[in-house]
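Heads up, the thing below is written out as C-alpha cells.
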Amino acid sequence: MTIRAAVTGVGHYLPDRIVPNSEFEAIVDTSDEWIRSRSGIERRHFAAEGQLTSDLATRAARAALVDAGIDAAQVDAIIVATSTPDLTFPSVATMVQGALGLTKGFAFDVQAVCAGFVFALTTANALILAGQARTILVIGAETFSRLMNWKDRGTCVLFGDGAGAVVLEAVEGEGTTSDRGILSTDLNSDGRYKDILYVDGGTSTGTTGHLVMEGKEVFRHAIEKLAETAHHALDKAGLTPDDVDWIVPHQANIRIIEGTAKRMQVPMDRVVVTVQDHGNTSAASIPLALSVGKARGQIKPGDLIVTEAIGGGLAWGSVVLRW
C-alpha cells in the first residue's frame, strides 16, 4: 500500500467586476487588438473596494469543500499561495481558517509569486506523505490589481484578481502510475534573475510598491524553464508527454502557453486555457484553471494532469497528478 495525496475537491471564486480590454484605452496607449495579440487576454476580474485576498480565498475554499463533499471541520491544514496578503502578517491562511470557523490544525502562507500554487501543492503533498495531515486545503488567491502601475501599458493590462482552491486528501494507492493523486513534483529557483520580475516596494521602502517586469526576458525564460520542469516531473514519475491528458499551465500569456506545449510536443487541444477570461491571476491561475476545466467537462476522473508555473524569483516548478 502507498499513500498518495489526491485532489478530491476543487473550487474557485472571481470578483463580480469584469474589466474588458477596452477599459484600458482611456488610461494608457493600448487597444483591445494590441492586448489580445500579445497576450491572448480579453478580460479580467478586479476585486471591489474593501474586498480582500482572504475574502476571495475563503470563497474558493468553501466551493472546494462543497465539491469534495466534506465539512470544514475535517480540514487539518490550510496553505495559501499569495503575493498579495491582506496584511504583512498574520497570514492569509490563518484568516481563512478563522473565516471557516476552525480552531484546530495549522495554517500558513507560501510566497513564490506565480509559481506559488505549485510550491504550495508540493508542500501539502509532503505533509500528507509525512503523516502530518490527512486533509489539506491548498489555495491560490491574489488581488494583483492593487500592485499595478496604471501608467505602464506593458504590465497593467495583464493581471487580474481571483482565487482557486483544492482539497487534498490522503488516499491509498498501489504505488503505480495508475494511482489517483500526486505522482511527482519538481521545484526550482534562481535568484540571479530577481530583477526581471519584482515589486518595487516592501519593508525596504515602506510602500506597497508596483509590479516591474522585463517582459521579453521573462518570456524567454518562461518557455524554456516550464517545458524543462514538466519533463523532469514526468521523468520522475516514469511517464512521457504521450501519457498526458491535460496540461493545466499557469495562465500568464497565450504565447507562453503555446510555446511550452510545442516544446513538450503536446497539442493545444490537450491544454486547459482560461487566460482569455481571467488574465494572469498569479498563484490563483492554476487552481482556477483546474476548477474551470472540471466545470467545462474537460478534466475527468483518471486523467493525467501536468501543472507548471514560473514567477518572480525566478521560481518555477511542476506537478504531475492523476485526477
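By convention here, the chains of the C-alpha cells are called A, B, ... in the order presented, each chain's residues are numbered starting at 1, and ligands are numbered starting at 1 in the order presented.
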
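The neighbours of Ala170 in chain A here are the residues that come within 8 Å of it, using only C-alpha atoms and leaving out any residue fewer than 4 positions away in the same chain; they are Ile3, Arg4, Ala5, Ala6, Ile128, Leu129, Arg134 and Thr135 of chain A.
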
Neighbours of Asp67 in chain A within 10 Å (only C-alpha atoms; same-chain residues fewer than 6 positions away dropped), as a short mmCIF file (atom, residue, chain, number, x, y, z; two decimals) with N, CA and C atoms, in the first residue's frame?
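File produced: selection-v2.cif:
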```
data_model
loop_
_atom_site.label_atom_id
_atom_site.label_comp_id
_atom_site.auth_asym_id
_atom_site.auth_seq_id
_atom_site.Cartn_x
_atom_site.Cartn_y
_atom_site.Cartn_z
N THR A 8 -9.53 15.85 -4.14
CA THR A 8 -10.89 15.31 -4.00
C THR A 8 -11.96 16.38 -4.18
N GLY A 9 -11.54 17.63 -4.27
CA GLY A 9 -12.48 18.72 -4.49
C GLY A 9 -11.76 19.93 -5.04
N VAL A 10 -12.47 20.74 -5.82
CA VAL A 10 -11.87 21.93 -6.41
C VAL A 10 -12.93 23.01 -6.53
N GLY A 11 -12.52 24.26 -6.37
CA GLY A 11 -13.47 25.37 -6.48
C GLY A 11 -12.74 26.67 -6.76
N ALA A 61 -12.29 28.40 -1.12
CA ALA A 61 -12.16 27.26 -0.20
C ALA A 61 -13.51 26.62 0.07
N VAL A 166 -8.08 23.71 -3.90
CA VAL A 166 -8.29 22.27 -3.99
C VAL A 166 -8.28 21.69 -2.59
N VAL A 167 -9.04 20.61 -2.43
CA VAL A 167 -8.96 19.79 -1.22
C VAL A 167 -8.05 18.63 -1.55
N SER A 291 -10.39 24.23 -11.68
CA SER A 291 -11.82 24.30 -11.36
C SER A 291 -12.65 24.53 -12.61
#
```

Please produce, as JSON lines, a per-residue contact table for range 267-297 of chain A versus range 157-163 of chain A (criterion: any atom at most 6 Å away, only C-alpha atoms considered), showing the nearest atom pair and its distance in Å to one decimal, sorted by chain then residue number.
```
{"residue": "A:Gly279", "atom": "CA", "partner": "A:Phe159", "partner_atom": "CA", "distance": 5.2}
{"residue": "A:Asn280", "atom": "CA", "partner": "A:Phe159", "partner_atom": "CA", "distance": 4.5}
{"residue": "A:Thr281", "atom": "CA", "partner": "A:Gly160", "partner_atom": "CA", "distance": 5.1}
{"residue": "A:Ala284", "atom": "CA", "partner": "A:Ala163", "partner_atom": "CA", "distance": 4.9}
```

Listing only residues of range 82-150 of chain A within 12 Å of range 179-182 of chain A, what is the closest atom pair and its distance in Å (to one decimal) for each, using only C-alpha atoms, sorted by chain and residue number ascending, as JSON lines?
```
{"residue": "A:Val118", "atom": "CA", "partner": "A:Ile182", "partner_atom": "CA", "distance": 11.6}
{"residue": "A:Leu121", "atom": "CA", "partner": "A:Ile182", "partner_atom": "CA", "distance": 9.1}
{"residue": "A:Thr122", "atom": "CA", "partner": "A:Ile182", "partner_atom": "CA", "distance": 8.8}
{"residue": "A:Thr123", "atom": "CA", "partner": "A:Ile182", "partner_atom": "CA", "distance": 11.5}
{"residue": "A:Ala124", "atom": "CA", "partner": "A:Ile182", "partner_atom": "CA", "distance": 10.3}
{"residue": "A:Asn125", "atom": "CA", "partner": "A:Ile182", "partner_atom": "CA", "distance": 7.3}
{"residue": "A:Ala126", "atom": "CA", "partner": "A:Ile182", "partner_atom": "CA", "distance": 10.1}
{"residue": "A:Ile128", "atom": "CA", "partner": "A:Ile182", "partner_atom": "CA", "distance": 10.8}
{"residue": "A:Leu129", "atom": "CA", "partner": "A:Ile182", "partner_atom": "CA", "distance": 10.4}
```

_Selection: 12 Å around Glu228 in chain A, only C-alpha atoms, excl. self and same-chain fewer than 2 positions, as an MDAnalysis selection string_ = chainID A and resid 186:188 221:226 230:235 241 260:261 263:264 308:310 316:318

Please save N, CA and C atoms of the selected residues as a JSON list (two decimals), in the first residue's frame.
```json
[["chain", "number", "residue", "atom", "x", "y", "z"],
["A", 186, "ASP", "N", 8.39, 18.84, -9.05],
["A", 186, "ASP", "CA", 9.70, 19.36, -9.40],
["A", 186, "ASP", "C", 9.71, 20.85, -9.11],
["A", 187, "LEU", "N", 10.60, 21.30, -8.22],
["A", 187, "LEU", "CA", 10.68, 22.71, -7.84],
["A", 187, "LEU", "C", 12.06, 23.27, -8.15],
["A", 188, "ASN", "N", 12.10, 24.56, -8.55],
["A", 188, "ASN", "CA", 13.36, 25.20, -8.90],
["A", 188, "ASN", "C", 13.29, 26.69, -8.59],
["A", 221, "HIS", "N", 12.76, 33.12, -20.59],
["A", 221, "HIS", "CA", 12.98, 32.13, -19.54],
["A", 221, "HIS", "C", 11.77, 31.21, -19.37],
["A", 222, "ALA", "N", 10.58, 31.76, -19.51],
["A", 222, "ALA", "CA", 9.37, 31.00, -19.20],
["A", 222, "ALA", "C", 9.23, 29.75, -20.06],
["A", 223, "ILE", "N", 9.32, 29.89, -21.37],
["A", 223, "ILE", "CA", 9.09, 28.74, -22.25],
["A", 223, "ILE", "C", 10.14, 27.65, -22.00],
["A", 224, "GLU", "N", 11.38, 28.05, -21.88],
["A", 224, "GLU", "CA", 12.45, 27.08, -21.66],
["A", 224, "GLU", "C", 12.29, 26.35, -20.33],
["A", 225, "LYS", "N", 12.08, 27.12, -19.26],
["A", 225, "LYS", "CA", 12.04, 26.54, -17.93],
["A", 225, "LYS", "C", 10.76, 25.76, -17.66],
["A", 226, "LEU", "N", 9.64, 26.20, -18.21],
["A", 226, "LEU", "CA", 8.39, 25.48, -17.99],
["A", 226, "LEU", "C", 8.40, 24.12, -18.67],
["A", 230, "ALA", "N", 8.46, 20.47, -16.56],
["A", 230, "ALA", "CA", 7.42, 19.49, -16.84],
["A", 230, "ALA", "C", 8.02, 18.14, -17.25],
["A", 231, "HIS", "N", 9.06, 18.19, -18.09],
["A", 231, "HIS", "CA", 9.73, 16.96, -18.50],
["A", 231, "HIS", "C", 10.40, 16.28, -17.30],
["A", 232, "HIS", "N", 11.01, 17.06, -16.41],
["A", 232, "HIS", "CA", 11.65, 16.49, -15.23],
["A", 232, "HIS", "C", 10.63, 15.78, -14.35],
["A", 233, "ALA", "N", 9.47, 16.42, -14.13],
["A", 233, "ALA", "CA", 8.44, 15.81, -13.28],
["A", 233, "ALA", "C", 7.90, 14.53, -13.92],
["A", 234, "LEU", "N", 7.70, 14.55, -15.23],
["A", 234, "LEU", "CA", 7.23, 13.34, -15.91],
["A", 234, "LEU", "C", 8.27, 12.23, -15.82],
["A", 235, "ASP", "N", 9.54, 12.58, -15.99],
["A", 235, "ASP", "CA", 10.61, 11.58, -15.88],
["A", 235, "ASP", "C", 10.62, 10.95, -14.49],
["A", 241, "PRO", "N", 5.25, 12.72, -22.23],
["A", 241, "PRO", "CA", 4.18, 13.61, -22.69],
["A", 241, "PRO", "C", 3.03, 12.89, -23.38],
["A", 260, "THR", "N", 5.23, 26.55, -24.69],
["A", 260, "THR", "CA", 5.55, 25.44, -23.79],
["A", 260, "THR", "C", 4.95, 24.14, -24.28],
["A", 261, "ALA", "N", 3.69, 24.18, -24.71],
["A", 261, "ALA", "CA", 3.04, 22.98, -25.24],
["A", 261, "ALA", "C", 3.80, 22.44, -26.45],
["A", 263, "ARG", "N", 7.01, 22.77, -27.14],
["A", 263, "ARG", "CA", 8.26, 22.16, -26.69],
["A", 263, "ARG", "C", 8.01, 20.80, -26.06],
["A", 264, "MET", "N", 6.85, 20.64, -25.42],
["A", 264, "MET", "CA", 6.50, 19.36, -24.81],
["A", 264, "MET", "C", 5.90, 18.39, -25.81],
["A", 308, "GLU", "N", 2.24, 23.44, -14.45],
["A", 308, "GLU", "CA", 3.56, 24.07, -14.39],
["A", 308, "GLU", "C", 3.41, 25.58, -14.35],
["A", 309, "ALA", "N", 4.35, 26.23, -13.64],
["A", 309, "ALA", "CA", 4.27, 27.68, -13.46],
["A", 309, "ALA", "C", 5.64, 28.27, -13.20],
["A", 310, "ILE", "N", 5.78, 29.55, -13.55],
["A", 310, "ILE", "CA", 7.01, 30.29, -13.27],
["A", 310, "ILE", "C", 6.64, 31.68, -12.79],
["A", 316, "TRP", "N", 10.18, 28.40, -10.28],
["A", 316, "TRP", "CA", 9.34, 27.65, -11.21],
["A", 316, "TRP", "C", 9.27, 26.18, -10.79],
["A", 317, "GLY", "N", 8.24, 25.50, -11.28],
["A", 317, "GLY", "CA", 8.08, 24.10, -10.92],
["A", 317, "GLY", "C", 6.86, 23.48, -11.57],
["A", 318, "SER", "N", 6.67, 22.19, -11.29],
["A", 318, "SER", "CA", 5.57, 21.46, -11.90],
["A", 318, "SER", "C", 5.13, 20.32, -10.99]]
```

*Quick one: everything within 8 Å of Val212 in chain A, counting only C-alpha atoms, minus sequence neighbours fewer than 5 positions away in the same chain. Send it as a list in words.*
Thr155, Ile196, Leu197, Tyr198, Val199 and Asp200 of chain A

*How many Å separate CA of Gly215 in chain A from CA of Gln51 in chain A?*
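Here the two named atoms are 29.0 Å from each other.
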
*Run DSSP on the backbone and grab whatever in range 12-235 of chain A lands in strand (DSSP E); send it over as an MDAnalysis selection string.*
chainID A and resid 12:13 17:20 43:46 77:81 106:110 135:143 161:173 181:189 197:199 211:213

*Which polymer residues have any atom within 12 Å of an atom of Lys294 in chain A, counting only C-alpha atoms, with same-chain residues fewer than 2 positions away left out, as a PyMOL selection string?*
chain A and resi 7-12+64+67+166+246+248+272+287-292+296-301+303+305+323

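One distance worth recording is that between CA of Gly312 in chain A and CA of Ser285 in chain A, which is 14.8 Å.
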
*All alpha helix (DSSP H) positions in range 40-260 of chain A, as a PyMOL selection string*: chain A and resi 53-68+92-99+116-129+215-237+254-260

*Could you jot down the CA of Glu174 in chain A to CA of Thr2 in chain A separation for me, Å, one decimal place?*
5.6 Å

Give me, as CSV, each residue of range 89-157 of chain A that comes within 12 Å of range 26-40 of chain A, together with its shortest interatomic pair and the distance in Å at one decimal, counting only C-alpha atoms, with rows ordered by chain and rising residue number.
```
residue,atom,partner,partner_atom,distance
A:Asn149,CA,A:Val28,CA,10.6
A:Trp150,CA,A:Ile27,CA,7.3
A:Lys151,CA,A:Val28,CA,6.1
A:Asp152,CA,A:Val28,CA,7.4
A:Arg153,CA,A:Val28,CA,5.9
A:Gly154,CA,A:Ile35,CA,9.1
A:Thr155,CA,A:Ile35,CA,10.4
A:Cys156,CA,A:Val28,CA,9.1
A:Val157,CA,A:Ile35,CA,7.2
```

Can I get the selection written as a PDB file, in the first residue's frame, with C-alpha atoms?
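Result file follows (result15.pdb):
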```pdb
ATOM      1  CA  ASN A 149       1.366  50.832 -12.217  1.00  0.00           C
ATOM      2  CA  TRP A 150      -1.524  52.236 -14.263  1.00  0.00           C
ATOM      3  CA  LYS A 151       0.891  54.141 -16.493  1.00  0.00           C
ATOM      4  CA  ASP A 152       2.757  51.022 -17.628  1.00  0.00           C
ATOM      5  CA  ARG A 153       0.835  49.515 -20.527  1.00  0.00           C
ATOM      6  CA  GLY A 154       3.192  46.540 -20.631  1.00  0.00           C
ATOM      7  CA  THR A 155       2.040  45.242 -17.244  1.00  0.00           C
ATOM      8  CA  CYS A 156      -1.231  46.816 -16.094  1.00  0.00           C
ATOM      9  CA  VAL A 157      -3.276  45.110 -18.830  1.00  0.00           C
TER      10      VAL A 157
END
```

*Contacts of Leu183 in chain A at 8 Å (only C-alpha atoms; same-chain gap of 6+ positions) as a PyMOL selection string*: chain A and resi 4+177+237+319-322

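Each of A:Thr208, A:Gln276, A:Ser189, A:Ser184 was compared to Leu87 in chain A using only C-alpha atoms, and A:Thr208 turns out to be the nearest.
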